[in-house]
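**Q** First the structure, which I've put down as structure tokens, then a few questions once you've had a look.
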Amino acid sequence: MSSTPLASPQMVLNSRMSYTSWIPADPDACARLLPRALRPAKNRAVYMNQYVVGSAEQTTGFGAYSLTYLGLDLDGLFAPDNVTPARFFTHYLNSSERVRAYVLERGVPATPGTTTVEVANGVMTATTYDEGTAIIRTRACVGSEQAIAAGHLRYITRVENRLVSGLYPYVGELSAPYSVLSIEFLEPGHPVYALRPAAPLQVVAGSCFYAPRDSFVYPGGVEVMGPADRHGRTIAADAVPSIVAEPVPA
């Protein structure tokens with residue numbers, strides 16, 4: 001691992017990415033994973049990103065790595081398009097010690113883990129491992145046509161007792177047609193099992209895709225939103241423009 005400090009933001013080019021979203025089996029268990037100042041989206045949706053960065057040349061400093069992260073869509077907070085919900089990280093399994101150190105400073109709950117993303121005979125399979133044990137597997141039918149998607153996502157993290165908002169610009173080449181076949185949580189004893197899908201599976205179609213090439217900046221536009229544990233008050237969309245400019249790692 002390089003000893004050179006990582007500057008912010010970092011860029012990643014052409015990752016292989018499976019992004020999915022669904023309605024969970026136990027929405028109340030999911031909601032308990034949020035800080036008290038946040039509330040889940042009205043549909044209670046969970047999101048997950050499984051992706052692989054195959055070489056160091058695809059990044060500005062992270063090096064090659066694989067990652068699965070999960071969490072909840074939020075109520076009243078949005079990306080800059082005012083449509084896509086902001087999201088809170090609850091789990092983050094990353095193969096790179098260097099990347100884990102970078103994101104831990106920024107409030108992301110990073111732990112070791114590996115992810116594979118493979119396509120064979122028109123079926124994409126993304127598998128997440130913790131200490132060599134498969135814990136999540138996603139399967140989807142993917143086509144050979146491509147569509148471009150670009151924009152920003154907003155992810156919320158907790159740094160000590162502050163909520164921090166980061167903007168993540170992206171450009172993805174999405175496969176079409178596309179349809180989710182299954183999302184399996186394979187280990188009932190693992191902490192991520194709380195986020196498992198309901199049966200039958202109910203995906204949030206507008207938040208599901210496979211991109212053989214997805215590029216993004218990680219993160220930018222960092223803003224401090226306020227206390228994470230305020231009682232009787234919830235941070236809402238109108239709180240974002242009045243964010244206090246406090247020092248925080250970018």
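Residues in the structure tokens are numbered from 1 in each chain, the chains being A, B, ... in the order shown, and ligands are numbered from 1 in the order shown.
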Find the residues near Ala205 (chain A): any atom within 9 Å, counting only C-alpha atoms, skip ones fewer than 4 places away on the same chain, and give them as a list of chain:residue names.

**A** A:Thr20, A:Ser21, A:Trp22, A:Ser179, A:Val180, A:Phe209

**Q** Can I get the residues of region 66-88 of chain A within 9 Å of region 110-132 of chain A, each with the closest pair of atoms and their distance in Å to one decimal, using only C-alpha atoms, sorted chain first then ascending number, as JSON lines?

**A**
{"residue": "A:Ser66", "atom": "CA", "partner": "A:Thr115", "partner_atom": "CA", "distance": 5.3}
{"residue": "A:Leu67", "atom": "CA", "partner": "A:Thr115", "partner_atom": "CA", "distance": 5.7}
{"residue": "A:Thr68", "atom": "CA", "partner": "A:Thr115", "partner_atom": "CA", "distance": 6.4}
{"residue": "A:Tyr69", "atom": "CA", "partner": "A:Ala110", "partner_atom": "CA", "distance": 8.8}

**Q** Which residue, A:Tyr92, A:Tyr155, A:Tyr65, A:Tyr102, has the smallest gap to Phe78 (chain A) when you use only C-alpha atoms?

**A**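 Comparing A:Tyr92, A:Tyr155, A:Tyr65, A:Tyr102 against Phe78 (chain A), the winner is A:Tyr155.
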
**Q** So what do you get for CA of Leu34 (chain A) versus CA of Pro191 (chain A), distance-wise?

**A**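 Calculated distance between CA of Leu34 (chain A) and CA of Pro191 (chain A) is 14.2 Å.
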
**Q** Counting only C-alpha atoms, figure out which residue out of A:Leu38, A:Val108, A:Ile135, A:Ser182 gets nearest to Gly166 (chain A).

**A**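 Counting only C-alpha atoms, the residue closest to Gly166 (chain A) is A:Val108.
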
**Q** Run DSSP on the backbone of this structure and report the residues of region 57-100 of chain A it assigns to strand (DSSP E or B), as a list in words.

**A** Thr59, Tyr65, Ser66, Leu67, Thr68, Tyr69, Leu70, Gly71, Leu72, Asp73, Leu74, Asp75, Gly76, Leu77, Phe78, Pro85, Ala86, Arg87, Phe88, Phe89, Thr90, His91, Tyr92, Leu93 and Asn94 of chain A

**Q** Please produce a file of those selected residues containing N, CA and C atoms, as an mmCIF file, in the first residue's frame.

**A**
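Written file, part36.cif:
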data_model
loop_
_atom_site.group_PDB
_atom_site.id
_atom_site.type_symbol
_atom_site.label_atom_id
_atom_site.label_comp_id
_atom_site.auth_asym_id
_atom_site.auth_seq_id
_atom_site.Cartn_x
_atom_site.Cartn_y
_atom_site.Cartn_z
ATOM 1 N N THR A 59 -7.888 4.587 -11.289
ATOM 2 C CA THR A 59 -8.138 5.493 -10.173
ATOM 3 C C THR A 59 -7.027 6.525 -10.068
ATOM 4 N N TYR A 65 -9.555 -2.273 -6.431
ATOM 5 C CA TYR A 65 -10.300 -2.728 -5.257
ATOM 6 C C TYR A 65 -11.673 -3.203 -5.690
ATOM 7 N N SER A 66 -12.360 -3.871 -4.779
ATOM 8 C CA SER A 66 -13.761 -4.218 -4.989
ATOM 9 C C SER A 66 -14.552 -3.789 -3.763
ATOM 10 N N LEU A 67 -15.865 -3.580 -3.964
ATOM 11 C CA LEU A 67 -16.655 -2.972 -2.896
ATOM 12 C C LEU A 67 -18.122 -3.358 -3.017
ATOM 13 N N THR A 68 -18.737 -3.617 -1.873
ATOM 14 C CA THR A 68 -20.193 -3.637 -1.755
ATOM 15 C C THR A 68 -20.575 -2.697 -0.624
ATOM 16 N N TYR A 69 -21.476 -1.762 -0.911
ATOM 17 C CA TYR A 69 -22.018 -0.946 0.174
ATOM 18 C C TYR A 69 -23.530 -0.940 0.099
ATOM 19 N N LEU A 70 -24.155 -0.788 1.275
ATOM 20 C CA LEU A 70 -25.607 -0.829 1.396
ATOM 21 C C LEU A 70 -26.062 0.259 2.349
ATOM 22 N N GLY A 71 -27.365 0.534 2.292
ATOM 23 C CA GLY A 71 -27.945 1.481 3.235
ATOM 24 C C GLY A 71 -29.379 1.784 2.888
ATOM 25 N N LEU A 72 -29.863 2.907 3.413
ATOM 26 C CA LEU A 72 -31.269 3.271 3.266
ATOM 27 C C LEU A 72 -31.431 4.559 2.480
ATOM 28 N N ASP A 73 -32.452 4.592 1.620
ATOM 29 C CA ASP A 73 -32.912 5.854 1.065
ATOM 30 C C ASP A 73 -33.530 6.685 2.190
ATOM 31 N N LEU A 74 -33.422 8.017 2.071
ATOM 32 C CA LEU A 74 -33.863 8.918 3.138
ATOM 33 C C LEU A 74 -35.058 9.760 2.712
ATOM 34 N N ASP A 75 -35.831 10.142 3.691
ATOM 35 C CA ASP A 75 -37.001 10.992 3.467
ATOM 36 C C ASP A 75 -36.604 12.462 3.568
ATOM 37 N N GLY A 76 -37.050 13.273 2.620
ATOM 38 C CA GLY A 76 -36.881 14.716 2.707
ATOM 39 C C GLY A 76 -35.533 15.246 2.300
ATOM 40 N N LEU A 77 -34.617 14.389 1.860
ATOM 41 C CA LEU A 77 -33.294 14.807 1.405
ATOM 42 C C LEU A 77 -33.049 14.195 0.033
ATOM 43 N N PHE A 78 -32.441 14.982 -0.871
ATOM 44 C CA PHE A 78 -32.345 14.546 -2.256
ATOM 45 C C PHE A 78 -30.989 14.900 -2.844
ATOM 46 N N PRO A 85 -33.429 10.175 -4.055
ATOM 47 C CA PRO A 85 -33.277 10.361 -2.612
ATOM 48 C C PRO A 85 -31.817 10.314 -2.172
ATOM 49 N N ALA A 86 -31.485 11.117 -1.160
ATOM 50 C CA ALA A 86 -30.197 10.971 -0.495
ATOM 51 C C ALA A 86 -30.172 9.616 0.208
ATOM 52 N N ARG A 87 -28.967 9.115 0.468
ATOM 53 C CA ARG A 87 -28.815 7.765 1.013
ATOM 54 C C ARG A 87 -27.806 7.761 2.145
ATOM 55 N N PHE A 88 -28.063 6.876 3.122
ATOM 56 C CA PHE A 88 -27.189 6.742 4.282
ATOM 57 C C PHE A 88 -26.491 5.388 4.219
ATOM 58 N N PHE A 89 -25.158 5.386 4.423
ATOM 59 C CA PHE A 89 -24.404 4.136 4.460
ATOM 60 C C PHE A 89 -24.649 3.404 5.788
ATOM 61 N N THR A 90 -25.020 2.120 5.715
ATOM 62 C CA THR A 90 -25.075 1.279 6.916
ATOM 63 C C THR A 90 -23.996 0.209 6.926
ATOM 64 N N HIS A 91 -23.602 -0.270 5.746
ATOM 65 C CA HIS A 91 -22.576 -1.308 5.637
ATOM 66 C C HIS A 91 -21.717 -1.005 4.413
ATOM 67 N N TYR A 92 -20.418 -1.337 4.514
ATOM 68 C CA TYR A 92 -19.471 -0.973 3.464
ATOM 69 C C TYR A 92 -18.317 -1.965 3.518
ATOM 70 N N LEU A 93 -18.303 -2.950 2.618
ATOM 71 C CA LEU A 93 -17.307 -4.019 2.630
ATOM 72 C C LEU A 93 -16.341 -3.809 1.472
ATOM 73 N N ASN A 94 -15.104 -3.425 1.798
ATOM 74 C CA ASN A 94 -14.127 -3.002 0.800
ATOM 75 C C ASN A 94 -12.863 -3.847 0.908
#

**Q** Between CA of Ala56 (chain A) and CA of Val12 (chain A), what is the distance, to one decimal in Å?

**A**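 Calculated distance between CA of Ala56 (chain A) and CA of Val12 (chain A) is 9.4 Å.
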
**Q** Ranking A:Glu97, A:Glu187, A:Glu105, A:Glu173 by minimum distance to Thr133 (chain A) and counting only C-alpha atoms, which one comes first?

**A**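 Among the listed residues, A:Glu187 lies closest to Thr133 (chain A).
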